[in-house]
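Visitor: Dropping in upload_32.tsv, which is TSV, C-alpha atoms and all ligand atoms:
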chain	number	residue	atom	x	y	z
A	1	MET	CA	-140.47	57.24	-34.95
A	2	SER	CA	-142.06	54.36	-36.89
A	3	ASP	CA	-144.01	51.70	-34.99
A	4	HIS	CA	-141.34	49.22	-35.99
A	5	VAL	CA	-138.51	51.24	-34.43
A	6	HIS	CA	-140.59	51.96	-31.36
A	7	ALA	CA	-141.37	48.25	-30.86
A	8	PHE	CA	-137.69	47.33	-31.27
A	9	SER	CA	-136.48	50.01	-28.88
A	10	THR	CA	-139.06	48.95	-26.31
A	11	VAL	CA	-138.08	45.27	-26.41
A	12	VAL	CA	-134.36	46.11	-26.19
A	13	ARG	CA	-134.95	48.29	-23.12
A	14	GLU	CA	-137.41	45.90	-21.51
A	15	ARG	CA	-134.85	43.11	-21.53
A	16	ARG	CA	-133.05	43.14	-18.23
A	17	SER	CA	-131.38	40.33	-16.33
A	18	LEU	CA	-134.19	39.03	-14.13
A	19	ARG	CA	-133.37	36.95	-11.09
A	20	ALA	CA	-136.70	35.68	-9.72
A	21	PHE	CA	-139.23	33.57	-11.62
A	22	LEU	CA	-142.67	32.09	-11.16
A	23	PRO	CA	-142.89	28.27	-11.35
A	24	ASP	CA	-145.28	28.15	-14.36
A	25	PRO	CA	-143.69	26.45	-17.37
A	26	VAL	CA	-143.72	28.06	-20.83
A	27	PRO	CA	-146.00	26.07	-23.20
A	28	ALA	CA	-144.05	23.81	-25.58
A	29	ALA	CA	-145.42	25.49	-28.74
A	30	GLU	CA	-144.26	28.88	-27.45
A	31	LEU	CA	-140.82	27.47	-26.60
A	32	ALA	CA	-140.51	26.20	-30.18
A	33	ALA	CA	-141.51	29.61	-31.60
A	34	ILE	CA	-138.97	31.38	-29.36
A	35	PHE	CA	-136.09	29.16	-30.46
A	36	ASP	CA	-137.23	29.52	-34.08
A	37	ASP	CA	-136.85	33.32	-33.68
A	38	ALA	CA	-133.47	32.91	-31.97
A	39	ALA	CA	-132.26	30.78	-34.90
A	40	ARG	CA	-132.42	33.92	-37.10
A	41	ALA	CA	-129.27	35.19	-35.35
A	42	PRO	CA	-126.40	35.83	-37.79
A	43	SER	CA	-123.17	33.83	-37.71
A	44	ASN	CA	-119.88	33.60	-39.61
A	45	CYS	CA	-120.67	31.95	-43.00
A	46	ASN	CA	-124.07	30.99	-41.51
A	47	THR	CA	-122.38	28.14	-39.66
A	48	GLN	CA	-124.84	28.56	-36.74
A	49	PRO	CA	-122.29	27.13	-34.29
A	50	TRP	CA	-124.65	26.74	-31.35
A	51	VAL	CA	-125.91	23.61	-29.63
A	52	VAL	CA	-128.57	24.38	-27.05
A	53	HIS	CA	-129.74	22.05	-24.28
A	54	VAL	CA	-133.00	23.24	-22.73
A	55	VAL	CA	-133.69	21.65	-19.36
A	56	SER	CA	-137.08	21.68	-17.59
A	57	GLY	CA	-139.17	19.51	-15.29
A	58	ALA	CA	-137.69	16.64	-13.26
A	59	LYS	CA	-134.25	16.95	-14.88
A	60	LEU	CA	-134.07	20.60	-13.90
A	61	GLU	CA	-135.08	19.77	-10.32
A	62	GLU	CA	-132.24	17.22	-10.24
A	63	LEU	CA	-129.76	19.95	-11.25
A	64	ARG	CA	-131.25	22.36	-8.72
A	65	GLU	CA	-130.48	19.73	-6.07
A	66	THR	CA	-126.90	18.98	-7.13
A	67	LEU	CA	-125.32	22.16	-8.54
A	68	PRO	CA	-125.14	24.25	-5.33
A	69	GLY	CA	-123.33	21.42	-3.52
A	70	GLU	CA	-120.89	20.97	-6.40
A	71	PHE	CA	-120.01	24.67	-6.26
A	72	LEU	CA	-119.69	24.75	-2.46
A	73	ALA	CA	-117.44	21.68	-2.58
A	74	GLY	CA	-115.16	23.56	-4.97
A	75	ARG	CA	-115.73	21.16	-7.86
A	76	ILE	CA	-115.32	23.70	-10.67
A	77	SER	CA	-114.77	22.68	-14.30
A	78	MET	CA	-114.99	25.65	-16.68
A	79	ASP	CA	-114.51	25.11	-20.42
A	80	PHE	CA	-113.82	28.83	-20.86
A	81	PRO	CA	-112.02	30.06	-17.72
A	82	TYR	CA	-111.88	33.77	-16.94
A	83	ASP	CA	-108.94	35.27	-18.79
A	84	GLY	CA	-109.95	38.93	-18.77
A	85	VAL	CA	-108.99	41.35	-16.00
A	86	TYR	CA	-111.46	44.11	-15.16
A	87	GLU	CA	-109.58	47.35	-14.55
A	88	GLY	CA	-110.28	51.07	-14.76
A	89	VAL	CA	-113.67	51.95	-16.22
A	90	TYR	CA	-114.53	48.26	-16.62
A	91	LYS	CA	-113.97	47.63	-12.93
A	92	SER	CA	-116.13	50.67	-12.08
A	93	ARG	CA	-118.94	49.35	-14.27
A	94	GLN	CA	-118.69	45.91	-12.64
A	95	HIS	CA	-118.97	47.53	-9.21
A	96	ALA	CA	-121.88	49.74	-10.30
A	97	ALA	CA	-123.80	46.68	-11.61
A	98	ALA	CA	-123.24	44.78	-8.34
A	99	HIS	CA	-124.27	47.87	-6.37
A	100	ALA	CA	-127.47	48.24	-8.44
A	101	LEU	CA	-128.42	44.60	-7.81
A	102	TYR	CA	-127.68	44.48	-4.09
A	103	ASN	CA	-129.27	47.89	-3.59
A	104	ALA	CA	-132.48	46.65	-5.28
A	105	MET	CA	-132.36	43.60	-2.99
A	106	GLY	CA	-131.76	45.76	0.11
A	107	ILE	CA	-128.44	44.04	0.87
A	108	PRO	CA	-125.81	46.37	2.39
A	109	ARG	CA	-122.26	46.23	1.04
A	110	GLU	CA	-120.83	44.77	4.26
A	111	ASP	CA	-123.43	41.95	4.49
A	112	LYS	CA	-121.23	39.30	2.88
A	113	ALA	CA	-123.48	36.41	3.97
A	114	SER	CA	-126.56	37.81	2.21
A	115	ARG	CA	-124.51	38.58	-0.90
A	116	GLN	CA	-123.24	35.00	-0.95
A	117	GLN	CA	-126.80	33.72	-0.49
A	118	ALA	CA	-127.99	35.86	-3.42
A	119	PHE	CA	-125.07	34.61	-5.54
A	120	MET	CA	-125.88	30.98	-4.73
A	121	ARG	CA	-129.31	31.46	-6.35
A	122	ASN	CA	-127.43	31.27	-9.68
A	123	PHE	CA	-127.14	27.52	-9.11
A	124	THR	CA	-130.86	27.05	-8.49
A	125	PHE	CA	-131.65	29.04	-11.65
A	126	PHE	CA	-133.36	31.80	-9.64
A	127	ASP	CA	-136.30	29.35	-9.39
A	128	ALA	CA	-136.86	29.50	-13.17
A	129	PRO	CA	-138.82	26.63	-14.77
A	130	HIS	CA	-136.34	26.40	-17.69
A	131	VAL	CA	-132.67	26.82	-18.42
A	132	ALA	CA	-130.90	26.87	-21.79
A	133	PHE	CA	-127.25	25.75	-21.78
A	134	LEU	CA	-125.30	27.15	-24.75
A	135	PHE	CA	-122.54	24.91	-26.06
A	136	LEU	CA	-119.88	25.69	-28.67
A	137	PRO	CA	-118.67	22.60	-30.61
A	138	GLU	CA	-114.92	22.03	-30.95
A	139	PRO	CA	-112.76	23.23	-32.66
A	140	PHE	CA	-114.56	26.57	-32.70
A	141	GLY	CA	-112.96	29.52	-30.94
A	142	LEU	CA	-113.31	33.21	-30.30
A	143	ARG	CA	-114.88	34.09	-33.67
A	144	GLU	CA	-117.63	31.53	-33.30
A	145	ALA	CA	-118.07	32.43	-29.63
A	146	CYS	CA	-119.22	35.82	-30.94
A	147	ASP	CA	-121.87	34.00	-32.99
A	148	LEU	CA	-123.02	32.26	-29.82
A	149	GLY	CA	-123.33	35.66	-28.14
A	150	MET	CA	-125.50	36.93	-30.99
A	151	PHE	CA	-127.69	33.86	-30.65
A	152	ALA	CA	-127.99	34.44	-26.91
A	153	GLN	CA	-129.10	38.06	-27.28
A	154	THR	CA	-131.61	37.16	-30.03
A	155	LEU	CA	-132.99	34.45	-27.75
A	156	MET	CA	-133.32	36.84	-24.80
A	157	LEU	CA	-135.06	39.46	-26.97
A	158	ALA	CA	-137.44	36.77	-28.32
A	159	LEU	CA	-138.29	35.92	-24.71
A	160	THR	CA	-138.79	39.57	-23.75
A	161	ALA	CA	-141.06	40.20	-26.74
A	162	ARG	CA	-143.37	37.48	-25.38
A	163	GLY	CA	-143.47	38.86	-21.83
A	164	LEU	CA	-140.94	36.34	-20.54
A	165	GLY	CA	-137.73	37.07	-18.65
A	166	SER	CA	-134.20	35.68	-18.61
A	167	CYS	CA	-130.80	35.87	-16.95
A	168	PRO	CA	-127.60	34.96	-18.82
A	169	GLN	CA	-125.26	33.25	-16.33
A	170	THR	CA	-121.56	32.60	-16.63
A	171	ALA	CA	-121.97	30.97	-13.20
A	172	LEU	CA	-123.76	28.12	-14.98
A	173	GLY	CA	-120.54	27.39	-16.87
A	174	PHE	CA	-118.68	26.58	-13.62
A	175	GLN	CA	-119.63	22.89	-13.74
A	176	ALA	CA	-119.25	22.02	-17.40
A	177	ASP	CA	-118.14	18.41	-16.79
A	178	GLN	CA	-120.99	17.69	-14.37
A	179	LEU	CA	-123.56	19.18	-16.77
A	180	ARG	CA	-122.17	17.27	-19.75
A	181	ALA	CA	-122.51	14.05	-17.74
A	182	ALA	CA	-126.02	14.87	-16.47
A	183	LEU	CA	-127.32	15.79	-19.93
A	184	ALA	CA	-125.33	13.23	-21.99
A	185	VAL	CA	-123.67	16.03	-23.97
A	186	ASP	CA	-120.96	15.21	-26.51
A	187	PRO	CA	-117.50	15.75	-24.89
A	188	SER	CA	-116.48	17.97	-27.83
A	189	HIS	CA	-119.26	20.44	-27.04
A	190	LYS	CA	-117.94	23.15	-24.75
A	191	LEU	CA	-120.20	25.02	-22.34
A	192	MET	CA	-120.15	28.82	-22.69
A	193	PHE	CA	-122.94	29.81	-20.28
A	194	GLY	CA	-126.55	29.18	-19.34
A	195	ILE	CA	-129.69	31.29	-19.53
A	196	SER	CA	-132.42	30.77	-16.93
A	197	PHE	CA	-135.80	31.86	-18.23
A	198	GLY	CA	-139.54	31.84	-17.64
A	199	PHE	CA	-142.28	34.14	-16.38
A	200	PRO	CA	-140.60	36.75	-14.17
A	201	ASP	CA	-141.87	37.47	-10.66
A	202	PRO	CA	-142.79	41.16	-11.02
A	203	GLU	CA	-142.80	41.74	-7.24
A	204	ALA	CA	-139.36	40.30	-6.45
A	205	ALA	CA	-136.83	42.83	-5.15
A	206	ALA	CA	-134.06	41.43	-7.39
A	207	ASN	CA	-136.20	42.17	-10.45
A	208	GLN	CA	-136.33	45.89	-9.64
A	209	CYS	CA	-132.64	46.21	-10.57
A	210	VAL	CA	-131.96	48.51	-13.52
A	211	THR	CA	-128.35	48.93	-14.68
A	212	GLU	CA	-126.84	52.03	-16.27
A	213	ARG	CA	-125.06	52.31	-19.61
A	214	ALA	CA	-122.19	54.51	-20.78
A	215	SER	CA	-123.22	57.27	-23.16
A	216	VAL	CA	-122.69	56.75	-26.89
A	217	ASP	CA	-119.82	59.27	-26.96
A	218	ASP	CA	-117.95	57.14	-24.43
A	219	PHE	CA	-117.68	54.11	-26.72
A	220	VAL	CA	-118.36	55.09	-30.35
A	221	ILE	CA	-115.79	56.96	-32.40
A	222	PHE	CA	-117.50	58.45	-35.46
A	223	HIS	CA	-115.14	59.08	-38.37
A	224	GLY	CA	-115.72	61.24	-41.45
A	301	LIG	C1	-122.47	36.39	-20.80
A	301	LIG	C2	-123.09	36.93	-19.55
A	301	LIG	C3	-122.88	36.28	-18.34
A	301	LIG	C4	-123.51	36.72	-17.17
A	301	LIG	N1	-123.37	36.00	-16.02
A	301	LIG	C5	-124.12	36.32	-14.94
A	301	LIG	C6	-124.16	35.45	-13.81
A	301	LIG	O1	-123.47	34.43	-13.76
A	301	LIG	N2	-125.00	35.77	-12.79
A	301	LIG	C7	-125.78	36.89	-12.82
A	301	LIG	O2	-126.54	37.11	-11.86
A	301	LIG	N3	-125.77	37.75	-13.88
A	301	LIG	C8	-124.97	37.47	-14.94
A	301	LIG	N4	-124.99	38.29	-16.06
A	301	LIG	C9	-125.86	39.47	-16.09
A	301	LIG	C10	-125.09	40.79	-16.07
A	301	LIG	O3	-124.72	41.09	-14.75
A	301	LIG	C11	-126.00	41.89	-16.67
A	301	LIG	O4	-126.25	41.58	-18.02
A	301	LIG	C12	-125.41	43.29	-16.57
A	301	LIG	O5	-125.24	43.69	-15.24
A	301	LIG	C13	-126.31	44.30	-17.29
A	301	LIG	O6	-127.62	44.29	-16.72
A	301	LIG	P1	-128.92	43.92	-17.56
A	301	LIG	O7	-128.72	42.58	-18.20
A	301	LIG	O8	-130.03	43.90	-16.55
A	301	LIG	O9	-129.10	44.98	-18.61
A	301	LIG	C14	-124.32	37.90	-17.21
A	301	LIG	C15	-124.47	38.59	-18.44
A	301	LIG	C16	-123.87	38.11	-19.58
A	301	LIG	C17	-124.10	38.84	-20.88
Before anything else, please render the file you have as structure tokens.
Guide:
Amino acid sequence: MSDHVHAFSTVVRERRSLRAFLPDPVPAAELAAIFDDAARAPSNCNTQPWVVHVVSGAKLEELRETLPGEFLAGRISMDFPYDGVYEGVYKSRQHAAAHALYNAMGIPREDKASRQQAFMRNFTFFDAPHVAFLFLPEPFGLREACDLGMFAQTLMLALTARGLGSCPQTALGFQADQLRAALAVDPSHKLMFGISFGFPDPEAAANQCVTERASVDDFVIFHG
């Protein structure tokens, strides 16, 4: 295996969703280099249909104060509501991922209160010093949403390659209207999800979670 392939494989496997961060901010020059790498993501006709709001410092603390209360009060405004139904193997995988996380955190299945508490940490960004909100400008749709996904994965790999960690969070799309208002975002920019990131806490129980994957034969059909 060439060094190049080895390095790639390592970064891909090192990236995991991490859900506990240290408070130290990432230096501004490093942030710029990370987003410069992420910008190399491919997109339909190179349209690069992503608008990214990175929030840190006092503004982030403001959101950490307000978002949990908004969620608990039931004030939900999703630009892209759930329209998929997880059944069969997809439901099993969803359950296995939840089991892996709560098992790592030592939370038993029946302990609903602790599960809810762990879930609520989504809205305080798992204590991360930064969050990137990924917006898709109107009138883009499903095709361009795929571009946004490619950008997100390139960004998360760029973070991993530098020893940083991240967690992509659909939960951060629950309050799209509130976030647009707080960050003065154009109303035509629709919020897909957020990614909390920073230096991961290596000791945290939540960060010991490792999820499984289906084997290649389960999802690739080779022809010819
Ligand atoms: C688009 C997207 C949205 C996600 N939303 C959440 C979320 O709201 N909260 C959370 O804790 N994890 C979230 N995850 C993380 C997934 O649970 C995780 O990627 C999956 O279990 C596989 O684990 P891994 O990322 O550690 O490989 C999300 C992942 C993706 C790609």
Visitor: Quick one: everything within 12 Å of A:Ala28, counting all atoms listed in the file, minus sequence neighbours fewer than 4 positions away in the same chain. Send it as a VMD selection string.
Guide: chain A and resid 32 to 35 54 56 130
Visitor: Would you list the contacts of stretch 183-196 of chain A as number ranges by chain, taking every protein, DNA or RNA residue within 7 Å and counting all atoms listed in the file, but skipping same-chain residues closer than 6 positions in sequence?
Guide: A: 79-80, 125, 128, 130-138, 166-170, 172-173, 176
Visitor: Residues within 8 Å of ligand LIG 301 (chain A), counting only C-alpha atoms and all ligand atoms: report them as an mmCIF file with C-alpha atoms, in the frame of the given file.
Guide:
data_model
loop_
_atom_site.group_PDB
_atom_site.id
_atom_site.type_symbol
_atom_site.label_atom_id
_atom_site.label_comp_id
_atom_site.auth_asym_id
_atom_site.auth_seq_id
_atom_site.Cartn_x
_atom_site.Cartn_y
_atom_site.Cartn_z
ATOM 1 C CA ARG A 15 -134.850 43.110 -21.530
ATOM 2 C CA ARG A 16 -133.050 43.140 -18.230
ATOM 3 C CA SER A 17 -131.380 40.330 -16.330
ATOM 4 C CA LEU A 18 -134.190 39.030 -14.130
ATOM 5 C CA ARG A 19 -133.370 36.950 -11.090
ATOM 6 C CA GLN A 94 -118.690 45.910 -12.640
ATOM 7 C CA ALA A 97 -123.800 46.680 -11.610
ATOM 8 C CA ALA A 98 -123.240 44.780 -8.340
ATOM 9 C CA PHE A 119 -125.070 34.610 -5.540
ATOM 10 C CA ASN A 122 -127.430 31.270 -9.680
ATOM 11 C CA GLY A 149 -123.330 35.660 -28.140
ATOM 12 C CA CYS A 167 -130.800 35.870 -16.950
ATOM 13 C CA PRO A 168 -127.600 34.960 -18.820
ATOM 14 C CA GLN A 169 -125.260 33.250 -16.330
ATOM 15 C CA THR A 170 -121.560 32.600 -16.630
ATOM 16 C CA ALA A 171 -121.970 30.970 -13.200
ATOM 17 C CA LEU A 172 -123.760 28.120 -14.980
ATOM 18 C CA PHE A 193 -122.940 29.810 -20.280
ATOM 19 C CA CYS A 209 -132.640 46.210 -10.570
ATOM 20 C CA VAL A 210 -131.960 48.510 -13.520
ATOM 21 C CA THR A 211 -128.350 48.930 -14.680
ATOM 22 C CA GLU A 212 -126.840 52.030 -16.270
#
Visitor: Between atom CA of A:Asp218 and atom CA of A:Arg13, what is the distance in Å, rounded to a tenth?
Guide: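 Computing it gives 19.2 Å between the two atoms.
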Visitor: Please determine, counting only C-alpha atoms, which residue among A:Ala158, A:Val85, A:Pro68, A:Pro129 has the shortest atom-to-atom distance to A:Gln117.
Guide: A:Pro68
Visitor: State, in Å with one decimal place, the distance from atom CA of A:Ala73 to atom CA of A:Met120.
Guide: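 Separating atom CA of A:Ala73 from atom CA of A:Met120 is a distance of 12.7 Å.
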Visitor: For a test of reading the model, state the distance in Å between atom CA of A:Thr124 and atom CA of A:Leu67, rounded to one decimal.
Guide: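 Those two atoms sit 7.4 Å apart.
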Visitor: Pick out the closest residue to A:Ala204 from this set: A:Asp177, A:Glu144, A:Asp127, A:Glu87. Count all atoms listed in the file.
Guide: A:Asp127
Visitor: Just checking: using only C-alpha atoms, which residue out of A:Val12, A:Leu101, A:Ala113, A:Ala39 ends up closest to A:Gln208?
Guide: A:Leu101
Visitor: Which of these, A:Phe222, A:Glu30, A:Phe197, A:Leu179, has the shortest distance to A:Met156 once you count only C-alpha atoms?
Guide: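 The answer is A:Phe197, which sits nearest to A:Met156.
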Visitor: Which residues, protein or nucleic acid, reach to within 10 Å of (-125.2, 18.6, -7.8) in the file's coordinates when using only C-alpha atoms, and can you give that as a list in words?
Guide: Glu62, Leu63, Arg64, Glu65, Thr66, Leu67, Pro68, Gly69, Glu70, Phe71, Leu72, Ala73, Arg75, Phe123, Gln175, Gln178, Leu179 and Ala182 of chain A
Visitor: Neighbouring residues of A:Pro202 were defined as those with any atom within 10 Å, considering all atoms listed in the file; residues of the same chain fewer than 2 positions away were excluded. Please report them as a list in words.
Guide: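 Within the cut-off, the hits are Leu18, Ala20, Phe21, Leu22, Phe199, Pro200, Ala204, Ala205, Ala206, Asn207 and Gln208 of chain A.
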Visitor: Just checking: using all atoms listed in the file, which residue out of A:Asp3, A:Asp217, A:Asp201, A:Asp147 ends up closest to A:Pro49?
Guide: A:Asp147
